[in-house]
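Heads up, the thing below is written out as structure tokens.
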Amino acid sequence: MFRYFSLLLAFGCVIHPSHGTEVMVKDKDDKLCLYANLMVNFSVSYEAADNKSNTVQFELPANVMSDGSKCEETNSMLKLDFGAGHSWSVKFTINGNVYQADSITFSYNLSDSTIFPKSASNETVSVIVRPHITDVSMDTCYSCNSKETIQAESVNQTLWNVLIQAFISNGTQSKNLTTCAADLPTPTPTAPDTTTVAPVTNVTTSAPPSTTTPTPTLPTPSTGNYSIKPDENSTACLLANFGLRIGVKQGEKYQEINLDPNRTSVSGSCGGNSSELVLVSSAMTISFAFTNDTKKFRLQGVNVTAKLSSGTVFSEGNSSLSLWEASVGSSYMCNKEQNYTITGQLNVFTFDLQVQPFEVKKGLFSTAHECPLDDTSILIPIIVGAALAGLIVIVVIAYVIGRRKTYVGYQTL
């Protein structure tokens, strides 16, 4: 049984004061295996009984229960239950010599009238998002004082003063930190030199780039075949095939990066009204959030974290998109190259795209809704219309010439 402790004194890697939520999780041998000290604010919009939309804000309380937390060899779970049926959990996994937070699941009970007064629903709603907690060196604490706001559907979650260590060895917290990119000092521009600094996410900054070299043209990215299953014994509930490239702008510099499907891990979730696909490679982490209104689905959100050639970490996203729309139960297809402007600093390019985030049957794509660029049927009326217009012009010209000749003949007589 895992136990929850409220700490009053700094311990191990706890090196900065915090008045947030602090927990220690112990394994079956009563050894510390997971530590967390963080602050989380929630902003939730919901439908009230008077057909109005209400938005409430509240924070993760200091008093929580962590009995649902667990520590295993390659994955861990921090699960915090609070209030009347609410919970907030983080899933951690190991990837080589680093670990990361794969997902955050926030469940809130709309029947709790103290937080959601006059709610029209009594159901418990869950949203799953991916935080930017990646490439945390083993035996170190992840530290991030800066605020990170994660958006999903009707929920905004803001994390700050975060201090977490998963996969603690020998029951002892580390005093070493992996600091988030947002907390790192901005390098002061200096004269270019020949020193090369290897880009390491979260931990180091890099020397300013020496020259402005034109970005080489990238080859067309390989097509990846991605799928999400509810469990190992089930068929896929989300399918996605595409080649992917991102275009990133920072200041006057622009860089494009291809996603290599052969070096990409896949995770995500499937739900009745929302699904998520998360792709993680050494170059980038990109998540796609899908939603549906029972009749049509669409891509609502894209979030990207990427390591740039300069060594800096780029993070950008948009949760108010309306892309890849098709009927629920069908798939969306676009074989031609597409360029989507996600934000002013981020573009996403897709090649040979086909996605189906809902109602996948027998692990296969359903009938596809084709994008306008692929739908050759629309070319037929365009061609016919153009031919008719040309014919009309020819007839008019011939008529004018004929009339002119007739008029000249009359004058001669």
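Quick note on naming: the chains in the structure tokens go A, B, ... in the order shown, residues restart at 1 in each chain, and ligands are numbered from 1 in order of appearance.
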Write out as CSV the residues of stretch 98-145 of chain A that have any atom within 10 Å of an atom of stretch 295-305 of chain A, one row each with the nearest atom pair and its distance in Å to one decimal, counting only C-alpha atoms, sorted by chain and then rising number.
residue,atom,partner,partner_atom,distance
A:Val129,CA,A:Asn303,CA,9.9
A:Arg130,CA,A:Asn303,CA,8.8
A:Pro131,CA,A:Asn303,CA,9.7
A:His132,CA,A:Thr305,CA,7.3
A:Thr134,CA,A:Thr305,CA,9.4
* Asked: Which residues come within 7 Å of A:Asp102, counting only C-alpha atoms, excluding same-chain residues fewer than 5 positions away, as an MDAnalysis selection string?
  -> chainID A and resid 91:93 130
* To do: Tell me, as number ranges by chain, which residues lie within 12 Å of stretch 66-73 of chain A, counting only C-alpha atoms; anything in the same chain fewer than 4 positions away does not count.
  => A: 1-6, 21-36, 62, 77-82, 87-95, 99, 165-169, 171
Write the residues you've just listed into a file as a short mmCIF file (atom, residue, chain, number, x, y, z; two decimals), in the first residue's frame, and include C-alpha atoms for each of them.
data_model
loop_
_atom_site.label_atom_id
_atom_site.label_comp_id
_atom_site.auth_asym_id
_atom_site.auth_seq_id
_atom_site.Cartn_x
_atom_site.Cartn_y
_atom_site.Cartn_z
CA MET A 1 0.00 0.00 0.00
CA PHE A 2 1.34 3.42 -0.94
CA ARG A 3 1.10 6.15 1.63
CA TYR A 4 0.78 9.91 1.55
CA PHE A 5 2.94 12.18 3.68
CA SER A 6 2.65 15.93 4.18
CA THR A 21 0.69 20.00 -2.93
CA GLU A 22 3.48 17.78 -1.66
CA VAL A 23 3.43 13.99 -1.62
CA MET A 24 5.74 11.05 -1.15
CA VAL A 25 4.89 7.64 -2.55
CA LYS A 26 6.50 4.53 -1.07
CA ASP A 27 6.76 1.07 -2.56
CA LYS A 28 5.86 -2.26 -1.00
CA ASP A 29 9.21 -2.29 0.83
CA ASP A 30 8.34 1.05 2.43
CA LYS A 31 11.01 2.85 0.39
CA LEU A 32 10.45 6.21 -1.26
CA CYS A 33 9.87 5.70 -5.01
CA LEU A 34 8.16 8.91 -6.21
CA TYR A 35 8.18 12.49 -4.93
CA ALA A 36 6.10 15.48 -6.04
CA ALA A 62 -2.80 20.63 -0.27
CA MET A 77 1.74 6.71 -11.66
CA LEU A 78 1.14 9.69 -9.39
CA LYS A 79 -2.60 9.72 -8.66
CA LEU A 80 -4.07 12.39 -6.41
CA ASP A 81 -7.72 12.16 -5.32
CA PHE A 82 -9.37 15.23 -3.82
CA SER A 87 -8.63 13.22 -9.32
CA TRP A 88 -5.43 14.34 -11.04
CA SER A 89 -2.81 11.83 -12.18
CA VAL A 90 0.48 11.77 -14.07
CA LYS A 91 1.90 8.72 -15.86
CA PHE A 92 5.71 8.42 -16.07
CA THR A 93 7.74 6.10 -18.31
CA ILE A 94 11.45 5.40 -18.80
CA ASN A 95 13.14 5.86 -22.18
CA TYR A 99 12.22 9.51 -18.03
CA GLN A 165 11.21 12.83 -9.17
CA ALA A 166 9.97 9.49 -10.47
CA PHE A 167 11.86 6.18 -10.37
CA ILE A 168 13.76 7.04 -7.18
CA SER A 169 16.47 4.45 -6.53
CA GLY A 171 14.65 5.23 -1.48
#
* stretch 318-335 of chain A environment, 9 Å, only C-alpha atoms, sequence neighbours closer than 3 positions dropped, as number ranges by chain -> A: 151-153, 239, 242, 289, 292-303, 338, 340, 342-343, 350-361, 365-375
For N, CA and C atoms, I'd like the residues from the last selection saved as a CSV table (one decimal), in the first residue's frame.
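See selection.csv below for the written result:
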chain,number,residue,atom,x,y,z
A,151,GLN,N,-4.1,23.2,-22.5
A,151,GLN,CA,-5.5,23.3,-22.8
A,151,GLN,C,-6.0,22.1,-23.4
A,152,ALA,N,-7.2,21.7,-23.1
A,152,ALA,CA,-7.9,20.6,-23.6
A,152,ALA,C,-9.4,20.7,-23.5
A,153,GLU,N,-10.1,20.8,-24.6
A,153,GLU,CA,-11.5,20.9,-24.6
A,153,GLU,C,-12.0,22.1,-23.7
A,239,LEU,N,-6.6,5.3,-35.8
A,239,LEU,CA,-5.7,5.0,-36.9
A,239,LEU,C,-5.2,6.4,-37.5
A,242,PHE,N,0.5,9.1,-42.1
A,242,PHE,CA,0.9,10.3,-42.7
A,242,PHE,C,2.4,10.5,-42.6
A,289,ALA,N,-5.0,16.4,-30.8
A,289,ALA,CA,-6.3,16.3,-30.0
A,289,ALA,C,-7.5,16.3,-30.9
A,292,ASN,N,-15.4,15.3,-31.3
A,292,ASN,CA,-16.5,15.1,-32.2
A,292,ASN,C,-17.8,15.6,-31.5
A,293,ASP,N,-18.8,15.9,-32.3
A,293,ASP,CA,-20.1,16.4,-31.8
A,293,ASP,C,-21.1,15.3,-32.1
A,294,THR,N,-20.8,14.1,-32.2
A,294,THR,CA,-21.6,12.9,-32.5
A,294,THR,C,-21.9,12.8,-34.0
A,295,LYS,N,-21.7,13.8,-34.8
A,295,LYS,CA,-22.0,13.8,-36.2
A,295,LYS,C,-20.7,13.9,-37.0
A,296,LYS,N,-19.8,14.8,-36.6
A,296,LYS,CA,-18.6,15.1,-37.3
A,296,LYS,C,-17.4,15.2,-36.3
A,297,PHE,N,-16.3,14.7,-36.7
A,297,PHE,CA,-15.1,14.9,-35.9
A,297,PHE,C,-14.1,15.9,-36.6
A,298,ARG,N,-13.2,16.4,-35.8
A,298,ARG,CA,-12.2,17.4,-36.4
A,298,ARG,C,-11.0,17.3,-35.5
A,299,LEU,N,-9.9,17.8,-36.1
A,299,LEU,CA,-8.7,18.0,-35.3
A,299,LEU,C,-8.8,19.4,-34.6
A,300,GLN,N,-8.8,19.3,-33.2
A,300,GLN,CA,-9.0,20.6,-32.5
A,300,GLN,C,-7.7,21.2,-31.9
A,301,GLY,N,-6.7,20.3,-31.6
A,301,GLY,CA,-5.5,20.9,-31.0
A,301,GLY,C,-4.3,20.2,-31.5
A,302,VAL,N,-3.2,21.0,-31.6
A,302,VAL,CA,-1.9,20.5,-32.0
A,302,VAL,C,-0.9,21.2,-31.0
A,303,ASN,N,0.0,20.4,-30.4
A,303,ASN,CA,1.0,20.9,-29.5
A,303,ASN,C,2.3,20.3,-29.9
A,338,GLN,N,-0.1,19.2,-47.6
A,338,GLN,CA,-0.9,20.2,-47.0
A,338,GLN,C,0.0,21.0,-46.0
A,340,TYR,N,-0.4,23.6,-42.9
A,340,TYR,CA,-1.3,24.2,-41.9
A,340,TYR,C,-0.6,25.2,-41.0
A,342,ILE,N,-0.4,26.6,-37.7
A,342,ILE,CA,-1.0,26.3,-36.4
A,342,ILE,C,-0.9,27.6,-35.5
A,343,THR,N,0.2,28.3,-35.5
A,343,THR,CA,0.4,29.6,-34.9
A,343,THR,C,1.3,30.4,-35.8
A,350,THR,N,1.7,17.9,-43.9
A,350,THR,CA,1.4,16.5,-44.0
A,350,THR,C,1.4,16.0,-45.4
A,351,PHE,N,1.7,14.7,-45.5
A,351,PHE,CA,1.9,14.0,-46.8
A,351,PHE,C,1.2,12.7,-46.7
A,352,ASP,N,0.4,12.3,-47.7
A,352,ASP,CA,-0.3,11.0,-47.7
A,352,ASP,C,-1.1,10.8,-46.4
A,353,LEU,N,-1.9,11.7,-46.1
A,353,LEU,CA,-2.6,11.7,-44.8
A,353,LEU,C,-3.9,10.9,-44.8
A,354,GLN,N,-4.1,10.1,-43.8
A,354,GLN,CA,-5.4,9.5,-43.6
A,354,GLN,C,-5.5,9.2,-42.1
A,355,VAL,N,-6.6,9.7,-41.5
A,355,VAL,CA,-6.8,9.6,-40.0
A,355,VAL,C,-8.3,9.2,-39.8
A,356,GLN,N,-8.4,8.4,-38.7
A,356,GLN,CA,-9.7,8.1,-38.2
A,356,GLN,C,-9.6,7.9,-36.7
A,357,PRO,N,-10.0,9.0,-35.9
A,357,PRO,CA,-9.9,8.9,-34.5
A,357,PRO,C,-11.1,8.3,-33.7
A,358,PHE,N,-12.2,8.0,-34.4
A,358,PHE,CA,-13.4,7.5,-33.7
A,358,PHE,C,-14.0,6.4,-34.5
A,359,GLU,N,-14.6,5.5,-33.8
A,359,GLU,CA,-15.4,4.4,-34.4
A,359,GLU,C,-14.7,3.6,-35.5
A,360,VAL,N,-13.5,3.2,-35.1
A,360,VAL,CA,-12.7,2.3,-36.0
A,360,VAL,C,-13.2,0.9,-35.9
A,361,LYS,N,-13.5,0.2,-37.0
A,361,LYS,CA,-14.1,-1.1,-37.0
A,361,LYS,C,-13.1,-2.1,-37.5
A,365,PHE,N,-9.4,1.4,-41.7
A,365,PHE,CA,-10.0,2.6,-42.0
A,365,PHE,C,-11.4,2.4,-42.7
A,366,SER,N,-12.3,3.3,-42.4
A,366,SER,CA,-13.6,3.3,-43.0
A,366,SER,C,-13.5,4.2,-44.3
A,367,THR,N,-14.6,4.3,-45.0
A,367,THR,CA,-14.7,5.1,-46.2
A,367,THR,C,-14.1,6.5,-45.9
A,368,ALA,N,-13.3,7.0,-46.8
A,368,ALA,CA,-12.6,8.3,-46.6
A,368,ALA,C,-13.4,9.5,-47.2
A,369,HIS,N,-13.4,10.6,-46.4
A,369,HIS,CA,-13.8,11.9,-46.9
A,369,HIS,C,-12.5,12.5,-47.4
A,370,GLU,N,-12.5,12.8,-48.7
A,370,GLU,CA,-11.3,13.3,-49.4
A,370,GLU,C,-11.2,14.8,-49.3
A,371,CYS,N,-10.0,15.4,-49.1
A,371,CYS,CA,-9.8,16.8,-49.1
A,371,CYS,C,-10.1,17.4,-50.5
A,372,PRO,N,-10.3,18.7,-50.7
A,372,PRO,CA,-10.6,19.2,-52.0
A,372,PRO,C,-9.5,19.0,-53.0
A,373,LEU,N,-8.2,19.0,-52.5
A,373,LEU,CA,-7.1,18.8,-53.4
A,373,LEU,C,-7.1,17.4,-54.0
A,374,ASP,N,-7.6,16.4,-53.3
A,374,ASP,CA,-7.6,15.0,-53.8
A,374,ASP,C,-8.8,14.7,-54.6
A,375,ASP,N,-9.9,15.4,-54.4
A,375,ASP,CA,-11.2,15.1,-55.0
A,375,ASP,C,-11.2,15.6,-56.4
